[in-house]
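So this block is query_3.cif, mmCIF, C-alpha atoms and all ligand atoms:
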data_protein
loop_
_atom_site.group_PDB
_atom_site.id
_atom_site.type_symbol
_atom_site.label_atom_id
_atom_site.label_comp_id
_atom_site.auth_asym_id
_atom_site.auth_seq_id
_atom_site.Cartn_x
_atom_site.Cartn_y
_atom_site.Cartn_z
ATOM 1 C CA MET A 181 5.356 14.901 0.140
ATOM 2 C CA THR A 182 2.340 16.781 1.423
ATOM 3 C CA GLU A 183 2.316 17.471 5.123
ATOM 4 C CA ILE A 184 -0.648 18.639 7.099
ATOM 5 C CA LEU A 185 0.630 21.691 8.905
ATOM 6 C CA ASN A 186 -1.654 21.681 11.922
ATOM 7 C CA GLY A 187 0.241 18.771 13.460
ATOM 8 C CA GLU A 188 -0.483 15.112 14.013
ATOM 9 C CA ALA A 189 -2.980 15.451 16.848
ATOM 10 C CA HIS A 190 -6.661 16.399 16.696
ATOM 11 C CA ARG A 191 -7.216 15.501 13.075
ATOM 12 C CA PRO A 192 -10.724 14.732 11.930
ATOM 13 C CA GLY A 193 -11.532 11.374 10.387
ATOM 14 C CA ARG A 194 -10.013 11.072 6.952
ATOM 15 C CA ILE A 195 -8.844 8.586 4.348
ATOM 16 C CA GLU A 196 -5.345 8.838 2.890
ATOM 17 C CA VAL A 197 -4.197 6.534 0.096
ATOM 18 C CA VAL A 198 -0.535 5.926 -0.712
ATOM 19 C CA CYS A 199 -0.333 3.984 -3.966
ATOM 20 C CA GLY A 200 2.161 3.166 -6.676
ATOM 21 C CA SER A 201 4.122 0.340 -8.251
ATOM 22 C CA MET A 202 6.393 -2.068 -6.419
ATOM 23 C CA PHE A 203 9.634 -0.537 -5.062
ATOM 24 C CA SER A 204 7.991 2.900 -4.970
ATOM 25 C CA GLY A 205 8.276 3.260 -1.184
ATOM 26 C CA LYS A 206 4.566 2.850 -0.337
ATOM 27 C CA THR A 207 5.151 0.873 2.839
ATOM 28 C CA GLU A 208 7.990 3.172 3.920
ATOM 29 C CA GLU A 209 5.627 6.142 3.560
ATOM 30 C CA LEU A 210 2.889 4.315 5.495
ATOM 31 C CA ILE A 211 5.347 3.524 8.300
ATOM 32 C CA ARG A 212 6.604 7.135 8.344
ATOM 33 C CA ARG A 213 3.076 8.488 8.804
ATOM 34 C CA MET A 214 2.211 5.868 11.434
ATOM 35 C CA LYS A 215 5.369 6.586 13.431
ATOM 36 C CA ARG A 216 4.667 10.335 13.409
ATOM 37 C CA ALA A 217 1.150 9.689 14.692
ATOM 38 C CA SER A 218 2.480 7.436 17.403
ATOM 39 C CA PHE A 219 5.034 10.107 18.444
ATOM 40 C CA ALA A 220 1.971 12.354 18.874
ATOM 41 C CA ARG A 221 0.690 9.739 21.353
ATOM 42 C CA GLN A 222 -2.068 8.563 19.089
ATOM 43 C CA LYS A 223 -3.114 4.908 19.217
ATOM 44 C CA VAL A 224 -2.010 3.366 15.956
ATOM 45 C CA GLU A 225 -2.470 -0.091 14.473
ATOM 46 C CA ILE A 226 -1.490 -1.537 11.102
ATOM 47 C CA PHE A 227 -3.484 -4.289 9.434
ATOM 48 C CA LYS A 228 -2.431 -6.302 6.432
ATOM 49 C CA PRO A 229 -3.890 -9.226 4.493
ATOM 50 C CA ALA A 230 -2.886 -12.595 5.947
ATOM 51 C CA ILE A 231 -1.775 -13.585 2.447
ATOM 52 C CA ASP A 232 1.293 -11.338 2.666
ATOM 53 C CA THR A 233 3.685 -13.329 4.840
ATOM 54 C CA ARG A 234 6.863 -12.535 2.937
ATOM 55 C CA TYR A 235 8.948 -11.518 5.916
ATOM 56 C CA SER A 236 7.163 -12.334 9.131
ATOM 57 C CA GLU A 237 3.723 -13.263 10.375
ATOM 58 C CA ASP A 238 2.949 -10.183 12.405
ATOM 59 C CA ASN A 239 5.106 -7.396 11.022
ATOM 60 C CA VAL A 240 4.723 -5.031 8.162
ATOM 61 C CA VAL A 241 8.279 -5.105 6.937
ATOM 62 C CA SER A 242 9.282 -2.812 4.151
ATOM 63 C CA HIS A 243 12.217 -3.471 1.883
ATOM 64 C CA ASP A 244 14.559 -1.290 3.904
ATOM 65 C CA GLN A 245 13.837 -3.294 7.084
ATOM 66 C CA ASN A 246 12.136 -0.294 8.676
ATOM 67 C CA SER A 247 9.376 -2.257 10.372
ATOM 68 C CA ILE A 248 6.371 -1.698 12.575
ATOM 69 C CA ARG A 249 4.139 -4.285 14.206
ATOM 70 C CA SER A 250 0.973 -5.274 12.365
ATOM 71 C CA THR A 251 -2.009 -7.564 12.617
ATOM 72 C CA PRO A 252 -2.746 -10.042 9.801
ATOM 73 C CA ILE A 253 -6.419 -10.171 8.766
ATOM 74 C CA GLU A 254 -8.402 -12.542 6.550
ATOM 75 C CA SER A 255 -10.979 -10.014 5.353
ATOM 76 C CA SER A 256 -11.682 -6.286 5.541
ATOM 77 C CA GLY A 257 -14.559 -6.808 7.996
ATOM 78 C CA SER A 258 -12.079 -7.816 10.706
ATOM 79 C CA ILE A 259 -10.695 -4.278 10.778
ATOM 80 C CA LEU A 260 -13.927 -2.824 12.194
ATOM 81 C CA LEU A 261 -13.886 -5.392 15.001
ATOM 82 C CA LEU A 262 -10.197 -4.954 15.810
ATOM 83 C CA ALA A 263 -9.895 -1.187 15.387
ATOM 84 C CA SER A 264 -12.241 0.066 18.087
ATOM 85 C CA ASP A 265 -10.315 2.537 20.220
ATOM 86 C CA ILE A 266 -7.636 3.148 17.546
ATOM 87 C CA ASP A 267 -6.953 6.722 16.401
ATOM 88 C CA VAL A 268 -4.975 5.931 13.269
ATOM 89 C CA VAL A 269 -5.598 2.758 11.263
ATOM 90 C CA GLY A 270 -2.954 1.760 8.714
ATOM 91 C CA ILE A 271 -3.611 -0.862 6.053
ATOM 92 C CA ASP A 272 -0.699 -2.261 4.058
ATOM 93 C CA GLU A 273 -0.845 -4.283 0.809
ATOM 94 C CA ALA A 274 -4.507 -3.299 0.610
ATOM 95 C CA GLN A 275 -4.774 -4.450 -3.022
ATOM 96 C CA PHE A 276 -5.055 -8.025 -1.721
ATOM 97 C CA LEU A 277 -8.101 -7.258 0.438
ATOM 98 C CA ASP A 278 -11.741 -7.572 -0.685
ATOM 99 C CA ASN A 279 -13.809 -4.674 -2.041
ATOM 100 C CA GLY A 280 -15.601 -4.417 1.313
ATOM 101 C CA LEU A 281 -12.545 -2.426 2.389
ATOM 102 C CA VAL A 282 -14.021 0.677 0.737
ATOM 103 C CA GLU A 283 -17.038 0.683 3.084
ATOM 104 C CA VAL A 284 -14.864 -0.214 6.063
ATOM 105 C CA CYS A 285 -12.582 2.781 5.454
ATOM 106 C CA ASN A 286 -15.578 5.084 5.009
ATOM 107 C CA GLU A 287 -17.113 3.882 8.258
ATOM 108 C CA LEU A 288 -13.866 4.344 10.179
ATOM 109 C CA ALA A 289 -13.354 7.852 8.773
ATOM 110 C CA ASN A 290 -16.959 8.740 9.623
ATOM 111 C CA ARG A 291 -16.245 7.669 13.211
ATOM 112 C CA GLY A 292 -13.347 10.131 13.304
ATOM 113 C CA VAL A 293 -10.554 7.657 12.599
ATOM 114 C CA ARG A 294 -7.637 8.628 10.361
ATOM 115 C CA VAL A 295 -7.194 5.799 7.859
ATOM 116 C CA ILE A 296 -3.978 5.417 5.859
ATOM 117 C CA VAL A 297 -4.131 2.830 3.081
ATOM 118 C CA ALA A 298 -1.049 1.680 1.163
ATOM 119 C CA GLY A 299 -1.248 -0.565 -1.869
ATOM 120 C CA LEU A 300 -0.392 -1.334 -5.470
ATOM 121 C CA ASP A 301 -2.486 0.767 -7.813
ATOM 122 C CA MET A 302 -2.045 -1.673 -10.722
ATOM 123 C CA ASP A 303 -1.173 -5.313 -11.161
ATOM 124 C CA PHE A 304 1.776 -6.451 -13.304
ATOM 125 C CA LYS A 305 -0.323 -6.010 -16.459
ATOM 126 C CA GLY A 306 -1.207 -2.425 -15.650
ATOM 127 C CA VAL A 307 -4.790 -3.279 -14.622
ATOM 128 C CA PRO A 308 -6.241 -1.432 -11.572
ATOM 129 C CA PHE A 309 -5.818 -3.681 -8.557
ATOM 130 C CA GLY A 310 -8.551 -4.760 -6.096
ATOM 131 C CA PRO A 311 -10.143 -2.050 -3.935
ATOM 132 C CA ILE A 312 -7.372 0.546 -4.540
ATOM 133 C CA PRO A 313 -9.053 2.436 -7.446
ATOM 134 C CA ALA A 314 -12.305 2.859 -5.475
ATOM 135 C CA LEU A 315 -10.349 3.898 -2.389
ATOM 136 C CA CYS A 316 -8.559 6.583 -4.436
ATOM 137 C CA ALA A 317 -11.978 7.884 -5.471
ATOM 138 C CA ILE A 318 -13.300 8.282 -1.920
ATOM 139 C CA ALA A 319 -10.000 9.341 -0.294
ATOM 140 C CA ASP A 320 -9.475 12.814 1.144
ATOM 141 C CA GLU A 321 -5.892 12.670 -0.083
ATOM 142 C CA VAL A 322 -4.104 10.445 -2.601
ATOM 143 C CA THR A 323 -0.335 10.232 -2.819
ATOM 144 C CA LYS A 324 1.023 8.432 -5.837
ATOM 145 C CA VAL A 325 4.601 7.343 -5.269
ATOM 146 C CA HIS A 326 6.962 6.195 -8.007
ATOM 147 C CA ALA A 327 9.804 3.760 -8.374
ATOM 148 C CA ILE A 328 12.519 4.454 -10.937
ATOM 149 C CA CYS A 329 12.504 2.642 -14.289
ATOM 150 C CA VAL A 330 15.401 0.165 -14.237
ATOM 151 C CA LYS A 331 15.910 0.553 -17.998
ATOM 152 C CA CYS A 332 16.074 4.337 -18.455
ATOM 153 C CA GLY A 333 15.850 6.086 -15.077
ATOM 154 C CA ALA A 334 12.490 7.793 -15.720
ATOM 155 C CA LEU A 335 9.676 7.555 -13.182
ATOM 156 C CA ALA A 336 8.273 4.012 -13.296
ATOM 157 C CA TYR A 337 4.572 3.392 -13.564
ATOM 158 C CA VAL A 338 4.185 -0.387 -13.493
ATOM 159 C CA SER A 339 5.760 -3.487 -11.910
ATOM 160 C CA HIS A 340 6.689 -5.709 -14.834
ATOM 161 C CA ARG A 341 6.788 -9.403 -14.011
ATOM 162 C CA LEU A 342 9.921 -11.143 -15.252
ATOM 163 C CA VAL A 343 8.838 -14.736 -14.649
ATOM 164 C CA ALA A 344 6.235 -16.466 -16.822
ATOM 165 C CA ASN A 345 3.229 -16.841 -14.547
ATOM 166 C CA ASP A 346 -0.234 -15.470 -15.157
ATOM 167 C CA LYS A 347 -1.473 -15.714 -11.567
ATOM 168 C CA ARG A 348 -2.393 -12.246 -10.354
ATOM 169 C CA VAL A 349 -1.375 -12.673 -6.754
ATOM 170 C CA LEU A 350 2.306 -13.415 -6.860
ATOM 171 C CA LEU A 351 4.356 -11.952 -4.094
ATOM 172 C CA GLY A 352 7.945 -11.385 -4.779
ATOM 173 C CA GLU A 353 11.110 -9.467 -4.609
ATOM 174 C CA GLN A 354 13.423 -7.759 -7.006
ATOM 175 C CA ASP A 355 14.250 -10.919 -8.979
ATOM 176 C CA GLU A 356 10.631 -11.432 -10.068
ATOM 177 C CA TYR A 357 9.529 -7.875 -10.868
ATOM 178 C CA GLU A 358 11.120 -4.755 -12.297
ATOM 179 C CA PRO A 359 9.761 -1.223 -12.205
ATOM 180 C CA LEU A 360 9.391 0.179 -15.725
ATOM 181 C CA CYS A 361 8.193 3.449 -17.233
ATOM 182 C CA ARG A 362 5.415 3.388 -19.817
ATOM 183 C CA ASP A 363 7.788 3.378 -22.823
ATOM 184 C CA CYS A 364 10.071 0.640 -21.513
ATOM 185 C CA TYR A 365 7.061 -1.445 -20.444
ATOM 186 C CA GLN A 366 5.592 -1.254 -23.954
ATOM 187 C CA LYS A 367 8.946 -2.374 -25.405
ATOM 188 C CA ALA A 368 9.260 -5.206 -22.890
ATOM 189 C CA ILE A 369 5.821 -6.678 -23.514
ATOM 190 C CA SER A 370 6.153 -6.388 -27.303
ATOM 191 C CA GLN A 371 9.346 -8.453 -27.083
ATOM 192 C CA GLU A 372 7.510 -11.110 -25.041
ATOM 193 C CA LYS A 373 4.879 -11.665 -27.729
HETATM 194 ZN ZN ZN B 401 12.046 3.487 -18.900
#

Can you present the structure in this file as structure tokens?
Ligand SMILES: [Zn+2]
Amino acid sequence: MTEILNGEAHRPGRIEVVCGSMFSGKTEELIRRMKRASFARQKVEIFKPAIDTRYSEDNVVSHDQNSIRSTPIESSGSILLLASDIDVVGIDEAQFLDNGLVEVCNELANRGVRVIVAGLDMDFKGVPFGPIPALCAIADEVTKVHAICVKCGALAYVSHRLVANDKRVLLGEQDEYEPLCRDCYQKAISQEK
């Protein structure tokens, strides 16, 4: 994982994106970066879409229970209102937010805020998800994290949905999705047809 060697404090405004499939450790990486910034006495705040209420209303909770407080928001515009006076803004599950998030992140970074965005890069069909592709384009740094393919142990690239449901926004846990590599995903979907 890339580290910036001049320390956590006194960074200029920047946009960092942490993206990947489900079970790739995106939220854990977001929390790690936020905790380091907070150890450096920076004011940090995590926002997440109100739609993601899997574990608790006001916590980003990653799968390993390593949690940090967060604020649920209905739309990306709320971040600008709520983030005045914050040094490091974290955004989790950003794929569920509107495309206005791209401008919001730019504006925050231009103000000198460090913005760390975590989200799914693709949906369960392998299609780029919400504002994440555009955020990757404008980011100063993109970290793509990988889960492990449950079939063969290679690096996974997509979260394959096991239940028959075509709705794009379906939040779930291990029993509804499995991380697969490109080869195993192709085999899985050809068997479904
Ligand atoms: Zn595989």

What gap, in Å, lies between atom CA of A:Leu300 and atom CA of A:Gln275?
5.9 Å

Excluding A:Phe309 and its own-chain neighbours fewer than 4 positions away, which residues fall within 12 Å of it when counting only C-alpha atoms? Please give them as JSON, numbers by chain.
{"A": [199, 200, 201, 273, 274, 275, 276, 277, 278, 279, 299, 300, 301, 302, 303, 304, 305, 313, 314, 315, 316, 338, 348, 349]}

Write out as a list in words the residues lying within 10 Å of A:Lys331, counting all atoms listed in the file and excluding same-chain residues fewer than 2 positions away.
Ile328, Cys329, Gly333, Ala334, Ala336, Glu358, Pro359, Leu360, Cys361, Asp363, Cys364 and Tyr365 of chain A

Output C-alpha atoms for every residue in that selection, as an mmCIF file, keeping the file's coordinate frame.
data_model
loop_
_atom_site.group_PDB
_atom_site.id
_atom_site.type_symbol
_atom_site.label_atom_id
_atom_site.label_comp_id
_atom_site.auth_asym_id
_atom_site.auth_seq_id
_atom_site.Cartn_x
_atom_site.Cartn_y
_atom_site.Cartn_z
ATOM 1 C CA ILE A 328 12.519 4.454 -10.937
ATOM 2 C CA CYS A 329 12.504 2.642 -14.289
ATOM 3 C CA GLY A 333 15.850 6.086 -15.077
ATOM 4 C CA ALA A 334 12.490 7.793 -15.720
ATOM 5 C CA ALA A 336 8.273 4.012 -13.296
ATOM 6 C CA GLU A 358 11.120 -4.755 -12.297
ATOM 7 C CA PRO A 359 9.761 -1.223 -12.205
ATOM 8 C CA LEU A 360 9.391 0.179 -15.725
ATOM 9 C CA CYS A 361 8.193 3.449 -17.233
ATOM 10 C CA ASP A 363 7.788 3.378 -22.823
ATOM 11 C CA CYS A 364 10.071 0.640 -21.513
ATOM 12 C CA TYR A 365 7.061 -1.445 -20.444
#

Atom-to-atom span, atom CA of A:Phe203 and atom CA of A:Ala220, Å:
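Computing the Euclidean distance for atom CA of A:Phe203 and atom CA of A:Ala220 yields 28.2 Å.
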
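Put simply, the PyMOL selection byres (((chain A and resi 281) around 10) and not hetatm) on this file hits Ser255, Ser256, Gly257, Ser258, Ile259, Leu260, Ile271, Ala274, Gln275, Leu277, Asp278, Asn279, Gly280, Val282, Glu283, Val284, Cys285, Asn286, Glu287, Val297, Gly310, Pro311, Ile312, Ala314 and Leu315 of chain A.
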
Check what the PyMOL selection byres (((chain A and resi 210) around 12) and not hetatm) selects in the file above and give those residues as a PyMOL selection string.
chain A and resi 196-199+204-209+211-217+224-228+240-242+246-248+250+268-274+295-299+323+325

Could you give me the centre and size, in Å to one decimal, of an axis-aligned box around all listed atoms of stretch 297-302 of chain A with 5 Å added on every side, as AutoDock Vina command-line options?
--center_x -2.3 --center_y 0.6 --center_z -3.8 --size_x 13.7 --size_y 14.5 --size_z 23.8

Which is closer to A:Ala368 than all the others in A:Val293, A:Ala230, A:Leu262, A:Leu342, using all atoms listed in the file?
A:Leu342

Looking at A:Leu288, A:Ala327, A:Ile318, A:Ala344, which one is nearest to ligand ZN 401 (chain B), with distances taken over only C-alpha atoms and all ligand atoms?
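Of all the options, A:Ala327 lies closest to ligand ZN 401 (chain B).
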
So what do you get for atom CA of A:Met202 versus atom CA of A:Lys373, distance-wise?
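Taking atom CA of A:Met202 as the start and atom CA of A:Lys373 as the end point, the length is 23.4 Å.
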
Kindly indicate which residue among A:Ser339, A:Ser218, A:Asn290, A:Thr251 lies nearest to ligand ZN 401 (chain B), using only C-alpha atoms and all ligand atoms for the distances.
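Among the listed residues, the smallest separation from ligand ZN 401 (chain B) belongs to A:Ser339.
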
For ligand ZN 401 (chain B), which residue out of A:Ile369, A:Val330, A:Ile231, A:Val343 is the nearest one, using all atoms listed in the file?
A:Val330

Which is closer to A:Asp267 than all the others in A:Asp320, A:Pro192, A:Leu335, A:Ile253, using all atoms listed in the file?
A:Pro192

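The shortest atom-to-atom distance to ligand ZN 401 (chain B), with all atoms listed in the file taken into account, belongs to A:Lys367 out of A:Ile195, A:Pro308, A:Lys367, A:Ile266.
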